[in-house]
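Notes follow once the structure below has been shown.
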Protein chains: 2
Amino acid sequence: MIELDFEKMGGLVPAIAQDVETGDVLMLAFMNRAAWEETLKTGRATYYSRSRDTLWVKGLTSGHIQNVKEIRVDCDNDTVLLKVEQVGGAACHTGYASCFYQKVDNGSLVTVGEPVFDPKEVYKE
Amino acid sequence: MIELDFEKMGGLVPAIAQDVETGDVLMLAFMNRAAWEETLKTGRATYYSRSRDTLWVKGLTSGHIQNVKEIRVDCDNDTVLLKVEQVGGAACHTGYASCFYQKVDNGSLVTVGEPVFDPKEVYKE
């Protein structure tokens, strides 16, 4: 088993998801040990939700799962990079392809691009 | 001034550096408010070193600075993505172009690629 350094962040490591096709950085989330092991086992990106204190299989509600094609680990074994196939074309709960849809422009944030889906349609009651 | 959410991580936000030319993810570090403001002001990636408890202008010792070409902020305003020109061709203190030079392969970590520089030559006493 690959041993990551979960100690530095109190049981978590940051995990970056990058689109394996476009190279776009899609999102950053966190993994605890269980999320890391689940990701390795299932090949689906699984994170740890700090707000809900639970494992979070990305896309379980929206259908926009992330199929993990490659996993990289950094020099300190304390950060993970997932190269993923983003099902549905959008990683962000707002409907944008990437969570990083805000660009710094002359001291302000401007929105780049258009949403891929309408959150109201995807996250129904 | 752009207001990031530093509260979620006790005064820090994760910052991803991505090579603006190749799209490769180079490294992940953290910024406190001073590092963020310094990065905006100088156009050079400046992080916060948790181990040394100080601002850390990336590349100040090695000469391998990161010229920031574009800054993205995520949907929650709690993560930053820097698209950088990596001077010297390598972001990692080990001499590899990217800190993510370890790949998960059949349950083990294998090294991908070759170092760009020899750390012993760059980090002299």
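Every chain in the structure tokens takes a letter, A first, then B, and so on in the order presented; its residues are numbered from 1, and the ligands are numbered from 1 following the presented order.
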
Inset, instruction - Write out as a VMD selection string every residue belonging to chain B that has an atom at most 7 Å from any atom of chain A, counting only C-alpha atoms. - result: chain B and resid 1 to 2 23 71 to 75 99 to 104 107 to 108

Moved coordinates, chain B onto chain A, all Cα atoms, as a PDB file with C-alpha atoms, in the first residue's frame:
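Output below, filename selection.pdb:
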```pdb
ATOM      1  CA  MET B   1       0.054  -0.002  -0.002  1.00  0.00           C
ATOM      2  CA  ILE B   2       1.262   3.487  -0.815  1.00  0.00           C
ATOM      3  CA  GLU B   3       1.687   5.494   2.358  1.00  0.00           C
ATOM      4  CA  LEU B   4       0.704   9.156   2.107  1.00  0.00           C
ATOM      5  CA  ASP B   5       1.508  11.748   4.748  1.00  0.00           C
ATOM      6  CA  PHE B   6      -1.895  12.460   6.262  1.00  0.00           C
ATOM      7  CA  GLU B   7      -0.384  13.914   9.436  1.00  0.00           C
ATOM      8  CA  LYS B   8       0.543  17.355   8.143  1.00  0.00           C
ATOM      9  CA  MET B   9      -3.095  18.346   7.699  1.00  0.00           C
ATOM     10  CA  GLY B  10      -4.695  16.462  10.570  1.00  0.00           C
ATOM     11  CA  GLY B  11      -5.708  13.401   8.594  1.00  0.00           C
ATOM     12  CA  LEU B  12      -6.200  14.947   5.157  1.00  0.00           C
ATOM     13  CA  VAL B  13      -4.259  15.486   1.941  1.00  0.00           C
ATOM     14  CA  PRO B  14      -5.243  17.955  -0.791  1.00  0.00           C
ATOM     15  CA  ALA B  15      -6.250  16.280  -4.056  1.00  0.00           C
ATOM     16  CA  ILE B  16      -6.216  18.118  -7.368  1.00  0.00           C
ATOM     17  CA  ALA B  17      -8.371  16.842 -10.225  1.00  0.00           C
ATOM     18  CA  GLN B  18      -7.091  17.572 -13.721  1.00  0.00           C
ATOM     19  CA  ASP B  19      -8.930  16.745 -16.958  1.00  0.00           C
ATOM     20  CA  VAL B  20      -6.834  14.037 -18.595  1.00  0.00           C
ATOM     21  CA  GLU B  21      -7.824  15.214 -22.078  1.00  0.00           C
ATOM     22  CA  THR B  22      -7.608  19.005 -21.893  1.00  0.00           C
ATOM     23  CA  GLY B  23      -5.139  19.404 -19.006  1.00  0.00           C
ATOM     24  CA  ASP B  24      -7.528  21.875 -17.355  1.00  0.00           C
ATOM     25  CA  VAL B  25      -7.412  21.892 -13.570  1.00  0.00           C
ATOM     26  CA  LEU B  26     -10.976  21.074 -12.549  1.00  0.00           C
ATOM     27  CA  MET B  27     -11.114  21.312  -8.766  1.00  0.00           C
ATOM     28  CA  LEU B  28      -9.334  20.822  -5.481  1.00  0.00           C
ATOM     29  CA  ALA B  29     -10.756  18.756  -2.663  1.00  0.00           C
ATOM     30  CA  PHE B  30      -9.426  16.745   0.265  1.00  0.00           C
ATOM     31  CA  MET B  31      -8.991  13.061   0.950  1.00  0.00           C
ATOM     32  CA  ASN B  32      -8.708  11.220   4.219  1.00  0.00           C
ATOM     33  CA  ARG B  33      -7.199   7.740   4.258  1.00  0.00           C
ATOM     34  CA  ALA B  34     -10.550   6.067   3.529  1.00  0.00           C
ATOM     35  CA  ALA B  35     -11.191   8.329   0.525  1.00  0.00           C
ATOM     36  CA  TRP B  36      -7.709   7.609  -0.818  1.00  0.00           C
ATOM     37  CA  GLU B  37      -8.146   3.849  -0.464  1.00  0.00           C
ATOM     38  CA  GLU B  38     -11.621   3.995  -1.997  1.00  0.00           C
ATOM     39  CA  THR B  39     -10.283   5.959  -4.976  1.00  0.00           C
ATOM     40  CA  LEU B  40      -7.521   3.386  -5.505  1.00  0.00           C
ATOM     41  CA  LYS B  41      -9.962   0.494  -5.194  1.00  0.00           C
ATOM     42  CA  THR B  42     -12.825   1.804  -7.325  1.00  0.00           C
ATOM     43  CA  GLY B  43     -11.085   4.038  -9.868  1.00  0.00           C
ATOM     44  CA  ARG B  44     -13.655   6.745  -9.125  1.00  0.00           C
ATOM     45  CA  ALA B  45     -12.538   9.973  -7.488  1.00  0.00           C
ATOM     46  CA  THR B  46     -13.676   9.864  -3.876  1.00  0.00           C
ATOM     47  CA  TYR B  47     -13.035  12.751  -1.539  1.00  0.00           C
ATOM     48  CA  TYR B  48     -13.714  13.618   2.073  1.00  0.00           C
ATOM     49  CA  SER B  49     -16.314  16.297   2.664  1.00  0.00           C
ATOM     50  CA  ARG B  50     -15.162  18.529   5.516  1.00  0.00           C
ATOM     51  CA  SER B  51     -18.557  20.212   5.830  1.00  0.00           C
ATOM     52  CA  ARG B  52     -20.506  16.930   5.915  1.00  0.00           C
ATOM     53  CA  ASP B  53     -17.770  14.860   7.636  1.00  0.00           C
ATOM     54  CA  THR B  54     -18.279  11.950   5.264  1.00  0.00           C
ATOM     55  CA  LEU B  55     -16.826  10.241   2.205  1.00  0.00           C
ATOM     56  CA  TRP B  56     -17.975  11.887  -0.982  1.00  0.00           C
ATOM     57  CA  VAL B  57     -17.986   9.955  -4.237  1.00  0.00           C
ATOM     58  CA  LYS B  58     -17.715  12.837  -6.686  1.00  0.00           C
ATOM     59  CA  GLY B  59     -20.740  12.923  -9.009  1.00  0.00           C
ATOM     60  CA  LEU B  60     -22.903  10.487  -7.073  1.00  0.00           C
ATOM     61  CA  THR B  61     -25.790  12.974  -7.016  1.00  0.00           C
ATOM     62  CA  SER B  62     -25.236  14.741 -10.333  1.00  0.00           C
ATOM     63  CA  GLY B  63     -24.002  11.724 -12.307  1.00  0.00           C
ATOM     64  CA  HIS B  64     -20.858  13.713 -13.101  1.00  0.00           C
ATOM     65  CA  ILE B  65     -18.425  11.175 -11.739  1.00  0.00           C
ATOM     66  CA  GLN B  66     -14.676  11.293 -12.314  1.00  0.00           C
ATOM     67  CA  ASN B  67     -13.076   8.178 -13.757  1.00  0.00           C
ATOM     68  CA  VAL B  68      -9.473   8.183 -12.596  1.00  0.00           C
ATOM     69  CA  LYS B  69      -7.061   7.514 -15.441  1.00  0.00           C
ATOM     70  CA  GLU B  70      -3.796   8.260 -13.661  1.00  0.00           C
ATOM     71  CA  ILE B  71      -2.702   9.159 -10.147  1.00  0.00           C
ATOM     72  CA  ARG B  72       0.354  11.213  -9.311  1.00  0.00           C
ATOM     73  CA  VAL B  73       1.787  11.815  -5.842  1.00  0.00           C
ATOM     74  CA  ASP B  74       4.057  14.744  -5.031  1.00  0.00           C
ATOM     75  CA  CYS B  75       7.621  14.798  -3.688  1.00  0.00           C
ATOM     76  CA  ASP B  76       6.500  14.957  -0.049  1.00  0.00           C
ATOM     77  CA  ASN B  77       3.763  12.330  -0.385  1.00  0.00           C
ATOM     78  CA  ASP B  78       1.314  14.873   0.975  1.00  0.00           C
ATOM     79  CA  THR B  79      -0.589  15.922  -2.159  1.00  0.00           C
ATOM     80  CA  VAL B  80      -2.363  13.893  -4.827  1.00  0.00           C
ATOM     81  CA  LEU B  81      -3.002  14.733  -8.476  1.00  0.00           C
ATOM     82  CA  LEU B  82      -5.790  12.805 -10.198  1.00  0.00           C
ATOM     83  CA  LYS B  83      -5.958  12.825 -13.961  1.00  0.00           C
ATOM     84  CA  VAL B  84      -9.604  12.145 -14.653  1.00  0.00           C
ATOM     85  CA  GLU B  85     -12.203  11.649 -17.305  1.00  0.00           C
ATOM     86  CA  GLN B  86     -14.911  14.077 -16.197  1.00  0.00           C
ATOM     87  CA  VAL B  87     -18.260  12.506 -17.030  1.00  0.00           C
ATOM     88  CA  GLY B  88     -20.836  15.122 -18.049  1.00  0.00           C
ATOM     89  CA  GLY B  89     -18.147  17.634 -18.939  1.00  0.00           C
ATOM     90  CA  ALA B  90     -18.372  19.643 -15.736  1.00  0.00           C
ATOM     91  CA  ALA B  91     -16.727  19.242 -12.343  1.00  0.00           C
ATOM     92  CA  CYS B  92     -18.211  22.243 -10.577  1.00  0.00           C
ATOM     93  CA  HIS B  93     -21.537  22.176  -8.732  1.00  0.00           C
ATOM     94  CA  THR B  94     -22.256  25.592 -10.262  1.00  0.00           C
ATOM     95  CA  GLY B  95     -22.367  23.993 -13.716  1.00  0.00           C
ATOM     96  CA  TYR B  96     -19.003  25.257 -14.945  1.00  0.00           C
ATOM     97  CA  ALA B  97     -16.541  22.768 -16.426  1.00  0.00           C
ATOM     98  CA  SER B  98     -13.905  23.754 -13.885  1.00  0.00           C
ATOM     99  CA  CYS B  99     -14.315  25.213 -10.406  1.00  0.00           C
ATOM    100  CA  PHE B 100     -11.662  27.762 -11.440  1.00  0.00           C
ATOM    101  CA  TYR B 101     -13.984  29.839 -13.629  1.00  0.00           C
ATOM    102  CA  GLN B 102     -13.069  33.132 -11.952  1.00  0.00           C
ATOM    103  CA  LYS B 103     -10.084  35.023 -13.305  1.00  0.00           C
ATOM    104  CA  VAL B 104      -8.235  37.880 -11.643  1.00  0.00           C
ATOM    105  CA  ASP B 105      -8.444  40.876 -13.965  1.00  0.00           C
ATOM    106  CA  ASN B 106      -7.275  44.325 -12.865  1.00  0.00           C
ATOM    107  CA  GLY B 107      -7.885  43.576  -9.207  1.00  0.00           C
ATOM    108  CA  SER B 108     -11.335  42.044  -9.700  1.00  0.00           C
ATOM    109  CA  LEU B 109     -12.728  38.584 -10.387  1.00  0.00           C
ATOM    110  CA  VAL B 110     -14.343  38.081 -13.776  1.00  0.00           C
ATOM    111  CA  THR B 111     -16.163  34.949 -14.889  1.00  0.00           C
ATOM    112  CA  VAL B 112     -14.555  32.999 -17.716  1.00  0.00           C
ATOM    113  CA  GLY B 113     -16.660  30.826 -20.002  1.00  0.00           C
ATOM    114  CA  GLU B 114     -20.219  29.574 -19.737  1.00  0.00           C
ATOM    115  CA  PRO B 115     -21.801  26.900 -17.532  1.00  0.00           C
ATOM    116  CA  VAL B 116     -22.103  23.432 -19.064  1.00  0.00           C
ATOM    117  CA  PHE B 117     -25.250  22.563 -17.109  1.00  0.00           C
ATOM    118  CA  ASP B 118     -27.963  24.238 -15.051  1.00  0.00           C
ATOM    119  CA  PRO B 119     -27.550  23.238 -11.379  1.00  0.00           C
ATOM    120  CA  LYS B 120     -31.308  23.538 -10.842  1.00  0.00           C
ATOM    121  CA  GLU B 121     -31.858  20.808 -13.415  1.00  0.00           C
ATOM    122  CA  VAL B 122     -29.155  18.514 -12.078  1.00  0.00           C
ATOM    123  CA  TYR B 123     -29.603  18.817  -8.319  1.00  0.00           C
ATOM    124  CA  LYS B 124     -33.322  18.226  -8.006  1.00  0.00           C
ATOM    125  CA  GLU B 125     -35.022  17.534  -4.730  1.00  0.00           C
TER     126      GLU B 125
END
```

Legend entry - alpha helix (DSSP H) residues, from DSSP on the backbone, in stretch 12-120 of chain A, as JSON, numbers by chain: {"A": [33, 34, 35, 36, 37, 38, 39, 40, 41, 42, 119, 120]}

Inset, instruction - List every residue of chain A that DSSP, applied to the backbone, labels as strand (DSSP E or B), and write the result as an MDAnalysis selection string. - result: chainID A and resid 13:19 25:31 44 46:49 54:57 66:73 80:86 102:105 108:111
